[in-house]
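Engineer: Supplied structure: work.txt, compact mmCIF, C-alpha atoms.
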```
# COMPACT_ATOMS: atom_id res chain seq x y z
CA MET V 18 -38.40 4.03 36.57
CA ILE V 19 -34.98 4.60 38.08
CA THR V 20 -32.96 2.54 35.55
CA PRO V 21 -33.61 4.59 32.41
CA PHE V 22 -33.11 7.79 34.35
CA VAL V 23 -29.71 6.78 35.76
CA LEU V 24 -28.53 5.37 32.43
CA GLY V 25 -29.71 8.47 30.59
CA LEU V 26 -27.87 10.73 33.00
CA LEU V 27 -24.76 8.58 32.68
CA ALA V 28 -24.97 8.69 28.88
CA VAL V 29 -25.18 12.48 28.91
CA ALA V 30 -22.26 12.77 31.35
CA LEU V 31 -20.07 10.34 29.37
CA ALA V 32 -20.90 12.06 26.10
CA GLY V 33 -20.27 15.66 27.14
CA PRO V 34 -18.62 16.81 30.38
CA VAL V 35 -16.49 13.73 31.11
CA PRO V 36 -14.57 13.72 27.80
CA ALA V 37 -14.31 17.52 27.95
CA LEU V 38 -12.67 17.27 31.38
CA MET V 39 -10.43 14.39 30.32
CA ALA V 40 -9.21 16.37 27.32
CA ARG V 41 -8.10 19.11 29.70
CA TRP V 42 -6.27 16.73 32.04
CA ARG V 43 -2.78 16.88 30.57
CA GLY V 44 -1.48 14.48 33.21
CA LEU V 45 -3.09 11.71 31.19
CA HIS V 46 -0.32 12.15 28.61
CA HIS V 47 2.18 10.81 31.12
CA THR V 48 0.47 7.43 31.23
CA PRO V 49 -0.55 7.08 27.59
CA PHE V 50 -1.35 3.38 27.56
CA VAL V 51 -3.92 3.37 30.36
CA ALA V 52 -5.15 6.79 29.22
CA MET V 53 -5.99 5.26 25.84
CA LEU V 54 -7.85 2.45 27.63
CA LEU V 55 -9.77 4.99 29.71
CA TRP V 56 -10.85 6.89 26.60
CA GLN V 57 -12.09 3.66 25.06
CA SER V 58 -13.97 2.66 28.23
CA VAL V 59 -15.64 6.05 28.50
CA ALA V 60 -16.71 6.01 24.86
CA LEU V 61 -18.00 2.45 25.03
CA ALA V 62 -19.77 3.04 28.35
CA GLY V 63 -21.39 6.18 26.96
CA VAL V 64 -22.79 4.35 23.94
CA LEU V 65 -23.95 1.42 26.08
CA ALA V 66 -25.62 3.75 28.56
CA ALA V 67 -27.46 5.60 25.79
CA VAL V 68 -28.71 2.37 24.24
CA GLY V 69 -29.47 0.91 27.68
CA ALA V 70 -31.48 3.97 28.70
CA GLY V 71 -33.69 3.63 25.64
CA LEU V 72 -34.12 -0.12 26.04
CA SER V 73 -34.92 0.00 29.73
CA LEU V 74 -37.46 2.78 29.31
CA PHE V 75 -39.03 0.76 26.54
CA THR V 76 -39.33 -2.40 28.67
CA HIS V 77 -40.57 -0.29 31.57
CA THR V 78 -43.38 1.37 29.66
CA THR V 79 -44.42 -1.73 27.76
CA GLY V 80 -44.01 -4.03 30.74
CA THR V 81 -46.17 -2.16 33.26
CA SER V 82 -49.32 -1.70 31.23
CA ASP V 83 -50.75 -1.77 27.78
CA LEU V 84 -50.03 1.15 25.53
CA THR V 85 -52.03 4.16 26.68
CA TRP V 86 -52.07 7.77 25.60
CA ARG V 87 -49.44 8.39 28.29
CA THR V 88 -46.97 5.57 27.70
CA GLY V 89 -47.37 5.41 23.95
CA PRO V 90 -45.47 8.61 23.07
CA ILE V 91 -42.70 7.80 25.56
CA THR V 92 -42.26 4.37 24.07
CA VAL V 93 -42.09 5.75 20.57
CA LEU V 94 -39.60 8.40 21.66
CA THR V 95 -37.26 5.95 23.39
CA VAL V 96 -37.35 3.59 20.47
CA LEU V 97 -36.52 6.50 18.20
CA ILE V 98 -33.57 7.57 20.34
CA THR V 99 -32.15 4.06 20.57
CA VAL V 100 -32.60 3.45 16.87
CA THR V 101 -30.98 6.80 16.07
CA VAL V 102 -27.93 6.12 18.25
CA VAL V 103 -27.40 2.62 16.90
CA GLY V 104 -28.26 3.59 13.33
CA ARG V 105 -25.92 6.57 13.23
CA LEU V 106 -23.08 4.50 14.65
CA LEU V 107 -23.60 1.73 12.10
CA LEU V 108 -23.87 4.15 9.21
CA SER V 109 -20.82 6.11 10.32
CA GLY V 110 -18.89 2.88 10.84
CA HIS V 111 -19.75 1.79 7.35
CA LEU V 112 -18.83 5.11 5.74
CA VAL V 113 -15.56 5.55 7.62
CA GLY V 114 -14.53 1.92 7.10
CA THR V 115 -15.27 2.05 3.38
CA SER V 116 -13.43 5.31 2.81
CA LEU V 117 -10.39 4.09 4.78
CA ARG V 118 -10.20 0.91 2.77
CA VAL V 119 -10.46 2.80 -0.53
CA VAL V 120 -7.65 5.21 0.39
CA ARG V 121 -5.43 2.44 1.69
CA ARG V 122 -5.98 0.13 -1.28
CA GLN V 123 -5.18 2.95 -3.68
CA GLN V 124 -2.06 3.82 -1.66
CA ARG V 125 -0.85 0.23 -1.75
CA GLN V 126 -1.37 -0.04 -5.51
CA GLU V 127 0.39 3.23 -6.19
CA LEU V 128 3.24 2.35 -3.85
CA ASP V 129 3.71 -1.00 -5.58
CA LEU V 130 4.16 0.82 -8.87
CA LEU V 131 6.13 3.82 -7.71
CA ALA V 132 8.05 3.19 -4.51
CA GLU V 133 11.45 1.57 -4.17
CA TRP V 134 12.07 -1.02 -1.48
CA ARG V 135 14.91 0.03 0.76
CA GLY V 136 15.35 -2.39 3.63
CA ARG V 137 11.98 -2.61 5.34
CA VAL V 138 10.59 0.71 4.10
CA ARG V 139 9.24 2.06 0.84
CA VAL V 140 10.88 5.14 -0.56
CA VAL V 141 9.00 7.57 -2.81
CA GLU V 142 10.78 10.21 -4.86
CA HIS V 143 9.51 13.49 -3.51
CA ASP V 144 11.08 16.70 -2.28
CA VAL V 145 8.79 17.14 0.75
CA PRO V 146 10.07 15.18 3.73
CA VAL V 147 7.25 12.91 4.81
CA ALA V 148 6.98 9.68 6.77
CA TYR V 149 3.80 7.71 7.27
CA CYS V 150 2.42 4.25 7.48
CA VAL V 151 -0.37 2.46 5.67
CA PRO V 152 -1.98 0.15 8.23
CA SER V 153 -3.14 -3.26 7.07
CA VAL V 154 -3.55 -6.71 8.58
CA THR V 155 -1.47 -8.53 5.99
CA GLU V 156 0.69 -5.92 4.28
CA PRO V 157 1.37 -2.90 6.46
CA ARG V 158 3.79 -0.42 4.91
CA VAL V 159 6.13 2.24 6.22
CA VAL V 160 6.70 4.94 3.62
CA VAL V 161 9.19 7.80 3.49
CA SER V 162 10.07 10.27 0.77
CA ASP V 163 13.67 10.47 -0.38
CA ALA V 164 13.78 14.02 1.00
CA THR V 165 13.34 12.43 4.42
CA LEU V 166 16.34 10.18 3.81
CA THR V 167 18.57 13.09 2.82
CA ARG V 168 17.41 15.47 5.57
CA LEU V 169 17.57 13.11 8.54
CA ASP V 170 20.68 11.43 9.88
CA GLU V 171 20.82 7.74 10.65
CA GLY V 172 19.85 8.02 14.31
CA GLN V 173 16.88 10.22 13.46
CA LEU V 174 15.75 7.82 10.74
CA ASN V 175 15.90 4.89 13.15
CA ALA V 176 13.68 6.85 15.51
CA VAL V 177 11.16 7.57 12.74
CA PHE V 178 11.05 3.94 11.58
CA ALA V 179 10.64 2.64 15.12
CA HIS V 180 7.83 5.16 15.67
CA GLU V 181 5.96 4.08 12.53
CA ARG V 182 6.46 0.38 13.19
CA ALA V 183 5.02 0.89 16.67
CA HIS V 184 1.84 2.33 15.11
CA LEU V 185 1.57 -0.69 12.84
CA THR V 186 2.23 -3.42 15.39
CA ALA V 187 0.03 -1.87 18.08
CA ARG V 188 -2.74 -1.28 15.49
CA HIS V 189 -3.33 2.27 16.70
CA ASP V 190 -5.29 2.78 13.50
CA LEU V 191 -8.11 0.61 14.88
CA VAL V 192 -8.54 2.84 17.94
CA LEU V 193 -8.36 5.95 15.75
CA GLU V 194 -10.90 4.43 13.40
CA ALA V 195 -13.32 3.72 16.24
CA PHE V 196 -13.10 7.29 17.52
CA THR V 197 -13.44 8.65 13.99
CA VAL V 198 -16.63 6.61 13.65
CA LEU V 199 -17.90 8.07 16.92
CA HIS V 200 -17.03 11.59 15.85
CA ARG V 201 -18.61 11.18 12.43
CA ALA V 202 -21.76 9.71 14.04
CA PHE V 203 -22.12 12.49 16.61
CA PRO V 204 -20.15 15.50 15.40
CA ARG V 205 -22.08 17.96 17.58
CA TRP V 206 -23.45 18.03 21.13
CA VAL V 207 -20.98 15.36 22.16
CA SER V 208 -17.30 15.96 22.96
CA SER V 209 -16.30 13.54 20.24
CA ASP V 210 -13.87 15.97 18.58
CA ALA V 211 -11.92 16.38 21.82
CA ALA V 212 -11.91 12.60 22.24
CA LEU V 213 -10.62 12.00 18.72
CA ARG V 214 -7.94 14.62 19.05
CA GLU V 215 -6.72 13.29 22.40
CA VAL V 216 -6.69 9.69 21.24
CA ARG V 217 -4.65 10.71 18.19
CA LEU V 218 -2.16 12.48 20.41
CA LEU V 219 -1.98 9.48 22.76
CA ALA V 220 -1.25 7.18 19.80
CA GLU V 221 1.63 9.49 18.82
CA ILE V 222 2.94 9.56 22.39
CA LEU V 223 2.83 5.76 22.58
CA ALA V 224 4.70 5.45 19.28
CA ASP V 225 7.21 8.06 20.46
CA ARG V 226 7.82 6.02 23.60
CA ALA V 227 8.36 2.89 21.54
CA ALA V 228 10.88 4.83 19.42
CA LEU V 229 12.72 5.94 22.56
CA ARG V 230 13.51 2.31 23.26
CA VAL V 231 15.80 2.23 20.22
CA ALA V 232 16.78 5.88 19.81
CA PRO V 233 17.78 8.68 22.19
CA ALA V 234 15.32 11.54 22.81
CA LYS V 235 17.52 14.02 20.96
CA ASP V 236 17.28 11.96 17.77
CA LEU V 237 13.51 11.61 17.98
CA GLY V 238 13.13 15.30 18.83
CA GLY V 239 15.51 16.25 16.02
CA ALA V 240 13.50 14.12 13.59
CA LEU V 241 10.27 15.81 14.67
CA LEU V 242 11.79 19.23 14.13
CA ALA V 243 13.34 18.35 10.78
CA MET V 244 10.08 16.89 9.49
CA ALA V 245 8.01 19.79 10.80
CA THR V 246 10.38 22.28 9.18
CA GLY V 247 10.01 20.60 5.82
CA ARG V 248 6.26 20.31 6.12
CA THR V 249 5.46 23.99 6.32
CA PRO V 250 3.12 24.85 3.48
CA GLU V 251 2.07 28.48 3.11
CA GLY V 252 -1.06 29.36 5.03
CA ALA V 253 -1.08 26.15 7.02
CA MET V 254 -3.33 26.15 10.04
CA GLY V 255 -1.55 26.09 13.36
CA ALA V 256 -3.75 23.25 14.51
CA SER V 257 -1.00 20.85 15.43
CA THR V 258 1.10 23.30 17.47
CA VAL V 259 0.05 22.02 20.85
CA ASP V 260 0.42 18.41 19.88
CA LEU V 261 3.93 18.63 18.45
CA VAL V 262 5.22 20.72 21.31
CA GLU V 263 3.47 18.46 23.80
CA ARG V 264 5.14 15.45 22.23
CA VAL V 265 8.58 17.03 22.56
CA ARG V 266 7.85 18.13 26.12
CA LEU V 267 6.95 14.54 27.01
CA LEU V 268 10.22 13.21 25.61
CA GLY V 269 11.86 14.64 28.69
CA GLU V 270 9.22 13.30 31.10
CA LEU V 271 9.51 9.56 31.12
CA ARG V 272 9.40 8.98 34.87
CA PRO V 273 7.04 6.05 35.49
CA ARG V 274 3.89 6.92 37.43
CA PRO V 275 2.68 3.67 38.96
CA ALA V 276 0.03 5.23 41.21
CA GLN V 277 -1.56 7.18 38.38
CA THR V 278 -1.39 4.13 36.11
CA VAL V 279 -3.28 1.99 38.61
CA LEU V 280 -5.81 4.74 39.31
CA ILE V 281 -6.61 5.29 35.63
CA ALA V 282 -6.80 1.56 34.91
CA LEU V 283 -9.28 1.25 37.80
CA LEU V 284 -11.30 4.20 36.52
CA GLY V 285 -11.48 2.62 33.08
CA TRP V 286 -12.63 -0.64 34.59
CA ALA V 287 -15.15 1.04 36.88
CA VAL V 288 -16.77 3.16 34.20
CA LEU V 289 -17.57 0.02 32.23
CA VAL V 290 -18.38 -2.43 35.01
CA LEU V 291 -20.19 -0.37 37.65
CA PRO V 292 -23.15 0.76 35.52
CA THR V 293 -23.60 -2.81 34.34
CA GLY V 294 -23.43 -4.25 37.83
CA LEU V 295 -25.43 -1.61 39.68
CA VAL V 296 -28.02 -0.58 37.14
CA VAL V 297 -28.33 -2.96 34.25
CA ALA V 298 -28.12 -6.28 36.12
CA PRO V 299 -30.99 -5.48 38.57
CA TRP V 300 -33.10 -4.24 35.68
CA LEU V 301 -32.44 -7.39 33.64
CA THR V 302 -33.16 -9.75 36.53
CA ALA V 303 -36.35 -7.82 37.27
CA LEU V 304 -37.66 -8.27 33.75
CA MET L 9 -4.19 -23.05 3.74
CA LYS L 10 -6.12 -22.55 0.56
CA ARG L 11 -5.48 -18.84 0.49
CA THR L 12 -1.71 -18.94 0.21
CA PRO L 13 -1.34 -19.75 -3.50
CA ARG L 14 -3.96 -17.17 -4.44
CA LYS L 15 -2.22 -14.51 -2.42
CA GLN L 16 1.10 -15.30 -4.04
CA ALA L 17 -0.46 -15.05 -7.48
CA LYS L 18 -1.91 -11.67 -6.55
CA ALA L 19 1.38 -10.38 -5.22
CA SER L 20 3.23 -11.43 -8.35
CA LEU L 21 0.57 -9.77 -10.50
CA GLY L 22 1.29 -6.47 -8.73
CA GLU L 23 4.97 -7.07 -9.22
CA LEU L 24 4.42 -7.77 -12.94
CA GLU L 25 2.39 -4.59 -13.31
CA ARG L 26 5.35 -2.73 -11.96
CA ALA L 27 7.76 -4.49 -14.30
CA VAL L 28 5.55 -3.63 -17.28
CA MET L 29 5.22 0.01 -16.19
CA ASP L 30 8.99 0.20 -15.77
CA VAL L 31 9.42 -0.95 -19.38
CA LEU L 32 6.88 1.62 -20.59
CA TRP L 33 8.37 4.43 -18.54
CA GLU L 34 11.79 3.71 -20.06
CA LEU L 35 10.43 4.46 -23.55
CA PRO L 36 11.54 7.68 -25.23
CA ASP L 37 8.80 10.34 -25.26
CA GLY L 38 6.00 9.74 -27.71
CA GLN L 39 6.99 6.17 -28.50
CA ASP L 40 4.64 3.24 -28.00
CA VAL L 41 5.06 -0.54 -27.95
CA THR L 42 3.13 -3.75 -28.53
CA VAL L 43 2.57 -6.52 -26.01
CA ARG L 44 5.04 -8.62 -28.02
CA GLU L 45 7.81 -6.03 -27.55
CA VAL L 46 7.14 -5.73 -23.82
CA HIS L 47 7.14 -9.50 -23.52
CA THR L 48 10.49 -9.73 -25.31
CA THR L 49 12.03 -7.16 -22.97
CA LEU L 50 10.64 -8.86 -19.85
CA SER L 51 11.69 -12.32 -21.04
CA SER L 52 15.34 -11.34 -20.83
CA THR L 53 15.12 -11.18 -17.04
CA ARG L 54 12.23 -13.46 -16.10
CA ASP L 55 10.13 -16.41 -17.17
CA VAL L 56 6.74 -14.99 -18.12
CA ALA L 57 4.11 -16.12 -20.62
CA TYR L 58 3.04 -13.84 -23.46
CA THR L 59 -0.63 -14.16 -22.42
CA THR L 60 0.22 -13.11 -18.87
CA VAL L 61 1.87 -9.94 -20.13
CA MET L 62 -1.19 -9.30 -22.29
CA THR L 63 -3.51 -9.72 -19.30
CA VAL L 64 -1.40 -7.41 -17.16
CA MET L 65 -1.31 -4.71 -19.84
CA ASP L 66 -5.04 -5.03 -20.31
CA ARG L 67 -5.52 -4.50 -16.57
CA LEU L 68 -3.22 -1.48 -16.65
CA ALA L 69 -5.26 -0.05 -19.52
CA ARG L 70 -8.49 -0.54 -17.57
CA LYS L 71 -6.91 1.22 -14.60
CA GLU L 72 -6.03 4.03 -17.02
CA LEU L 73 -2.36 3.78 -16.22
CA VAL L 74 -1.54 3.01 -19.84
CA VAL L 75 -3.20 4.14 -23.04
CA GLN L 76 -4.19 1.44 -25.52
CA GLN L 77 -4.42 2.39 -29.21
CA LYS L 78 -5.35 0.20 -32.11
CA SER L 79 -2.80 0.35 -34.89
CA GLY L 80 -3.40 -2.00 -37.79
CA ARG L 81 -4.05 -5.47 -36.36
CA ALA L 82 -2.21 -4.97 -33.08
CA TYR L 83 -2.73 -2.71 -30.07
CA ARG L 84 0.04 -0.31 -29.20
CA TYR L 85 0.58 0.97 -25.67
CA HIS L 86 2.15 3.97 -23.99
CA PRO L 87 2.06 5.18 -20.38
CA ALA L 88 -0.77 7.60 -19.51
CA THR L 89 1.62 9.82 -17.53
CA SER L 90 5.31 9.82 -16.77
CA ARG L 91 6.60 8.18 -13.64
CA ALA L 92 7.49 11.56 -12.15
CA GLU L 93 4.02 12.97 -12.79
CA MET L 94 2.34 9.96 -11.29
CA THR L 95 4.56 10.13 -8.22
CA ALA L 96 3.80 13.82 -7.83
CA ASP L 97 0.06 13.11 -8.15
CA MET L 98 0.22 10.39 -5.57
CA MET L 99 2.15 12.52 -3.10
CA ARG L 100 -0.23 15.44 -3.62
CA GLY L 101 -3.07 13.09 -2.71
CA THR L 102 -1.15 11.65 0.22
CA LEU L 103 -0.24 15.04 1.66
CA SER L 104 -3.80 16.30 1.43
CA THR L 105 -5.09 13.09 3.06
CA LEU L 106 -2.57 13.49 5.87
CA GLY L 107 -3.25 17.19 6.27
CA SER L 108 -7.03 17.13 6.36
CA GLY L 109 -7.87 14.04 8.39
CA GLU L 110 -11.10 14.49 6.45
CA ARG L 111 -11.26 10.86 5.42
CA GLY L 112 -10.27 9.42 8.73
CA PRO L 113 -7.02 7.85 9.78
CA ALA L 114 -6.34 6.08 6.49
CA LEU L 115 -2.67 6.92 6.79
CA VAL L 116 -0.83 7.75 9.99
CA ALA L 117 1.86 10.40 9.60
CA PHE L 118 4.93 11.01 11.72
CA VAL L 119 4.33 14.74 11.52
CA GLU L 120 1.24 16.16 9.88
CA GLU L 121 1.25 19.87 9.15
CA ALA L 122 3.27 22.51 10.89
CA SER L 123 3.13 26.28 10.65
CA ALA L 124 6.11 28.58 11.12
CA GLU L 125 4.99 29.22 14.72
CA ASP L 126 4.81 25.47 15.30
CA VAL L 127 8.39 25.07 14.20
CA GLU L 128 9.54 27.90 16.45
CA ALA L 129 7.68 26.48 19.46
CA LEU L 130 9.12 23.09 18.66
CA ARG L 131 12.67 24.51 18.55
CA GLN L 132 12.17 26.03 22.00
CA ALA L 133 10.74 22.81 23.42
CA LEU L 134 13.71 20.90 22.04
CA ALA L 135 16.14 23.37 23.53
CA ALA L 136 14.43 22.93 26.91
CA LEU L 137 14.75 19.18 26.49
CA GLY L 138 18.51 19.48 25.95
CA ASP L 139 19.10 21.24 29.29
```
So, in terms of structure tokens, how does the structure I just supplied come out?
Structural biologist:
Amino acid sequence: MITPFVLGLLAVALAGPVPALMARWRGLHHTPFVAMLLWQSVALAGVLAAVGAGLSLFTHTTGTSDLTWRTGPITVLTVLITVTVVGRLLLSGHLVGTSLRVVRRQQRQELDLLAEWRGRVRVVEHDVPVAYCVPSVTEPRVVVSDATLTRLDEGQLNAVFAHERAHLTARHDLVLEAFTVLHRAFPRWVSSDAALREVRLLAEILADRAALRVAPAKDLGGALLAMATGRTPEGAMGASTVDLVERVRLLGELRPRPAQTVLIALLGWAVLVLPTGLVVAPWLTAL
Amino acid sequence: MKRTPRKQAKASLGELERAVMDVLWELPDGQDVTVREVHTTLSSTRDVAYTTVMTVMDRLARKELVVQQKSGRAYRYHPATSRAEMTADMMRGTLSTLGSGERGPALVAFVEEASAEDVEALRQALAALGD
């Protein structure tokens, strides 16, 4: 009876308090690569623990005796929980994936008709400075408006292009998609919004770091400011304040942190491997 | 390796759509053209079959990018909206997609939205960076 209990507890911890604490640990931003891995491990381990808890309780109740008035309801309940978790994830994955593909396909078609090729980027005539990328396996695109080209100087533009290309080559969109699926599947009673927000910020930090390999921090920072200044619609929510300022703050904090990197990588490994080794393996061999 | 030729054909179809739209967008306001006229214009710069142009314009009509009107025995075509309007529409859509995050990370922006306070905080952070 211990397996489902431990896995259930683990699932609850990995769904709520652990991500909430991680979101508050700003030190993670200094080691963005392993931090991103840790977020993925925690999310995956949480889902596996939830499914594992249901499955192990099910095998426990059905394995020990025939269905009785006592074990029957528990069995039904665990099956329901497992089916709900898996079902919501699949449905959310389908909905998010479909909507992403629709938006991206439409973007590509419109860009093909409307945007000019300039070097390796597409330029759209528009007076709001904007820079973004359309992720894709075969035809990723970096897009800027011509207002961006006139507002930013050459060094700043190089920083922006390097930043966007880093998103595309590292396929940050896949990680963001996975966490969007998680958030859409469990919008409440799970810290999935904090997880999504942090993973988005980490993707930006990673792309910023890639940009710093080809451009000085003052160019990247200047580009961020110039783009933010141009993207100030009336009544905009101040939701991104922390993230933009945090990104600029981190431009000046590039000191490598080997100890923290190793520690977080180990944590990410442990959170996935330990429950499997200590809880799931004994249960499976005992079946 | 079977996919390569198909992909090339698809890419050139997109490119042809653009070429056709460019011809239509160059028309003076209120004027329309036949497939034959578009084909003649395109033929001056590229080698393209009349039927291909017809197929492309048919596709554009189905996508509601061009308006197809029967006039006598031939169809006449004109763009549904001007290039500038279509660009503005697309960017409106893009900016709202980037701003809301409602539909997931379809597009990844360099900077999403920023309020006046954001910009001020950013300026200060940058100044601190310069020290």
Engineer: Up to 6 Å from chain V, what residues of chain L turn up? Count all atoms listed in the file and give them as number ranges by chain.
Structural biologist: L: 26, 114-118, 121-123, 126, 130, 137
Engineer: Between atom CA of V:Leu280 and atom CA of V:Ala67, what is the spacing in Å?
Structural biologist: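 So the two atoms, atom CA of V:Ala67 and atom CA of V:Leu280, lie 25.5 Å apart.
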Engineer: Have a look at V:Gly25, V:Pro299, V:Pro292, V:Pro275 and name the one nearest to V:Val51; count only C-alpha atoms.
Structural biologist: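 With only C-alpha atoms as the atom set, the closest residue is V:Pro275.
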Engineer: Name the residues in contact with V:Phe50 at a cut-off of 10 Å, using only C-alpha atoms, excluding same-chain residues fewer than 4 positions from it; report them as an NGL selection string.
Structural biologist: :V and (45-46 or 54-55 or 219-220 or 222-223 or 278 or 281-282)
Engineer: For a cut-off of 12 Å around (-29.6, 4.7, 19.0), file coordinates, pick out all residues using all atoms listed in the file and list them as an MDAnalysis selection string.
Structural biologist: chainID V and resid 28 63:72 94:108 202:203
Engineer: Give me, please, the distance in Å between atom CA of V:Thr293 and atom CA of V:Ala37, quoted to one decimal.
Structural biologist: 23.2 Å
Engineer: Work out how far apart atom CA of V:Thr92 and atom CA of V:Leu304 are and give it in Å to one decimal.
Structural biologist: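 Result for atom CA of V:Thr92 versus atom CA of V:Leu304: 16.6 Å, one decimal.
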Engineer: Which polymer residues, whether protein, DNA or RNA, lie within 10 Å of the coordinate (-9.4, 13.8, 20.3) when you count all atoms listed in the file? List them as a PyMOL selection string, using the chain letters and numbers from the file.
Structural biologist: chain V and resi 36-37+40+56+193+196-197+200+208-219
Engineer: Which of these, V:Arg272, V:Arg205, V:Arg137, V:His77, has the shortest distance to V:Glu156 once you count all atoms listed in the file?
Structural biologist: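 Among the listed residues, V:Arg137 lies closest to V:Glu156.
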Engineer: Provide an axis-aligned box for all listed atoms of stretch 220-232 of chain V, padding each side by 6 Å; report its centre and its edge lengths in Å to one decimal, as AutoDock Vina command-line options.
Structural biologist:
```
--center_x 7.8 --center_y 5.9 --center_z 21.2 --size_x 30.0 --size_y 19.3 --size_z 16.8
```
Engineer: Leaving out stretch 50-62 of chain L and any residue of its chain fewer than 6 positions from it, which residues lie within 10 Å of it when counting all atoms listed in the file, given as an mmCIF file with C-alpha atoms, in the coordinates of the input?
Structural biologist:
```
data_model
loop_
_atom_site.group_PDB
_atom_site.id
_atom_site.type_symbol
_atom_site.label_atom_id
_atom_site.label_comp_id
_atom_site.auth_asym_id
_atom_site.auth_seq_id
_atom_site.Cartn_x
_atom_site.Cartn_y
_atom_site.Cartn_z
ATOM 1 C CA LEU L 21 0.570 -9.770 -10.500
ATOM 2 C CA LEU L 24 4.420 -7.770 -12.940
ATOM 3 C CA GLU L 25 2.390 -4.590 -13.310
ATOM 4 C CA ALA L 27 7.760 -4.490 -14.300
ATOM 5 C CA VAL L 28 5.550 -3.630 -17.280
ATOM 6 C CA VAL L 31 9.420 -0.950 -19.380
ATOM 7 C CA THR L 42 3.130 -3.750 -28.530
ATOM 8 C CA VAL L 43 2.570 -6.520 -26.010
ATOM 9 C CA ARG L 44 5.040 -8.620 -28.020
ATOM 10 C CA LEU L 68 -3.220 -1.480 -16.650
#
```
Engineer: For V:Val93, which residue among V:Gly33, V:Leu229, V:Trp134, V:Thr76 is the nearest when counting all atoms listed in the file?
Structural biologist: V:Thr76
Engineer: Go through V:Ser58, V:Ala183, V:Met39, V:Val154 one by one, measure the shortest atom-to-atom distance of each to V:Arg230 using all atoms listed in the file, and give the residue with the smallest value.
Structural biologist: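 Using all atoms listed in the file, V:Arg230 sits closest to V:Ala183.
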